[in-house]
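Novice: Below is one structure. I have some questions about it.
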Amino acid sequence: MISDLNSINELNKVEFIQKLGWVYEHSPWIAERSWEYKPFISLDDLKQKMEVVVQNASLSEQLQLIKSHPDLAARIDMAEASVKEQSAAGLNSLSPDEYEEFHALNNQYKEKFGFPFIFAVRGSDKTVIKAEMKRRIGLDQANELKEAIKQIHLIASHRLSDFIN
């Protein structure tokens with residue numbers, strides 16, 4: 001954890017990537033490119049500049065970013081931050097039937113869109129998440145790509161807020 005933004009602004013590029021490369025799931029390239037926008041005048045400024053990096057990335061890079069996220073409620077190895085976030089939403093304690101339903105919804109979603117369902121689970125529970133999965137399966141590809149990126153930014157925003165206080 002870093003106590004203030006000045007500490008972030010003082011980091012060299014390698015240190016910056018080491019400290020913030022995890023914020024966007026398995027995508028340190030976002031921190032690497034964001035470093036070029038220093039100095040950051042506020043936490044919101046840092047968040048916005050990281051979002052700009054993602055928005056300016058190629059479609060291929062954006063899809064790779066989305067695909068770097070684990071399925072919700074998956075029983076696989078995932079980044080520590082994802083484990084904590086999913087656990088807090090109750091996704092680590094699903095009944096066998098609930099797990100099968102999430103697994104089926106994840107598969108249906110991935111078959112339609114070609115990438116995993118992304119949802120910033122903080123403050124939600126399994127009922128809300130499941131309803132959102134069902135709703136978003138009905139979206140078209142372009143709108144769902146935008147929604148996935150929006151959710152990724154929200155996840156990163158929470159992580160940055162927790163990390164820089």
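Residue numbering restarts at 1 in every chain; chains get A, B, ... in the order shown in the structure tokens, and ligands count up from 1 in that same order.
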So that I can see what lies close to stretch 28-40 of chain A, please list as an MDAnalysis selection string the residues with an atom at most 9 Å from it, counting only C-alpha atoms and leaving out residues fewer than 5 positions away in the same chain.

Specialist: chainID A and resid 5:6 8:10 12:14 16:23 45:46 49:54

Novice: When you look at stretch 97-108 of chain A with a cut-off of 9 Å (counting only C-alpha atoms), what residues show up, excluding the ones that are within fewer than 3 positions of it in the same chain? I need them as a list in words.

Specialist: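 Counting only C-alpha atoms, the residues come to Asp71, Leu72, Ala73, Ala74, Leu91, Ser93, Leu94, Glu111, Lys112, Phe113, Pro116, Phe117, Lys130, Met133, Lys134 and Ile137 of chain A.
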
Novice: Hey, what's within 10 Å of A:Leu154 if we count only C-alpha atoms and toss same-chain stuff fewer than 3 positions away? As a list of chain:residue names, please?

Specialist: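 Near neighbours after the sequence-gap exclusion: A:Lys47, A:Glu51, A:Phe119, A:Ala120, A:Val121, A:Arg122, A:Ala148, A:Ile149, A:Lys150, A:Gln151, A:Ser157, A:His158, A:Arg159, A:Leu160.
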
Novice: Could you dump the residues just selected with C-alpha atoms as a PDB file, in the first residue's frame?

Specialist:
```
ATOM      1  CA  LYS A  47      -7.396   6.614 -12.738  1.00  0.00           C
ATOM      2  CA  GLU A  51      -8.491   4.590 -18.532  1.00  0.00           C
ATOM      3  CA  PHE A 119     -18.434  -7.523 -13.312  1.00  0.00           C
ATOM      4  CA  ALA A 120     -17.071  -5.333 -10.521  1.00  0.00           C
ATOM      5  CA  VAL A 121     -18.426  -7.467  -7.696  1.00  0.00           C
ATOM      6  CA  ARG A 122     -17.618  -5.131  -4.809  1.00  0.00           C
ATOM      7  CA  ALA A 148     -16.832  -5.216 -20.009  1.00  0.00           C
ATOM      8  CA  ILE A 149     -14.272  -2.401 -20.333  1.00  0.00           C
ATOM      9  CA  LYS A 150     -16.413  -0.169 -18.095  1.00  0.00           C
ATOM     10  CA  GLN A 151     -16.501  -2.902 -15.440  1.00  0.00           C
ATOM     11  CA  SER A 157     -10.608   2.124  -9.623  1.00  0.00           C
ATOM     12  CA  HIS A 158     -11.491   0.163  -6.472  1.00  0.00           C
ATOM     13  CA  ARG A 159      -8.056  -1.424  -6.415  1.00  0.00           C
ATOM     14  CA  LEU A 160      -6.288   1.918  -6.821  1.00  0.00           C
TER      15      LEU A 160
END
```

Novice: One decimal, Å: what's the distance from atom CA of A:Lys110 over to atom CA of A:Arg136, could you say?

Specialist: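 So the answer is 11.5 Å.
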
Novice: I'd like the interatomic distance between atom CA of A:Asn165 and atom CA of A:Gln64, to a tenth of an Å.

Specialist: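 Value for the atom CA of A:Asn165-atom CA of A:Gln64 distance: 29.5 Å.
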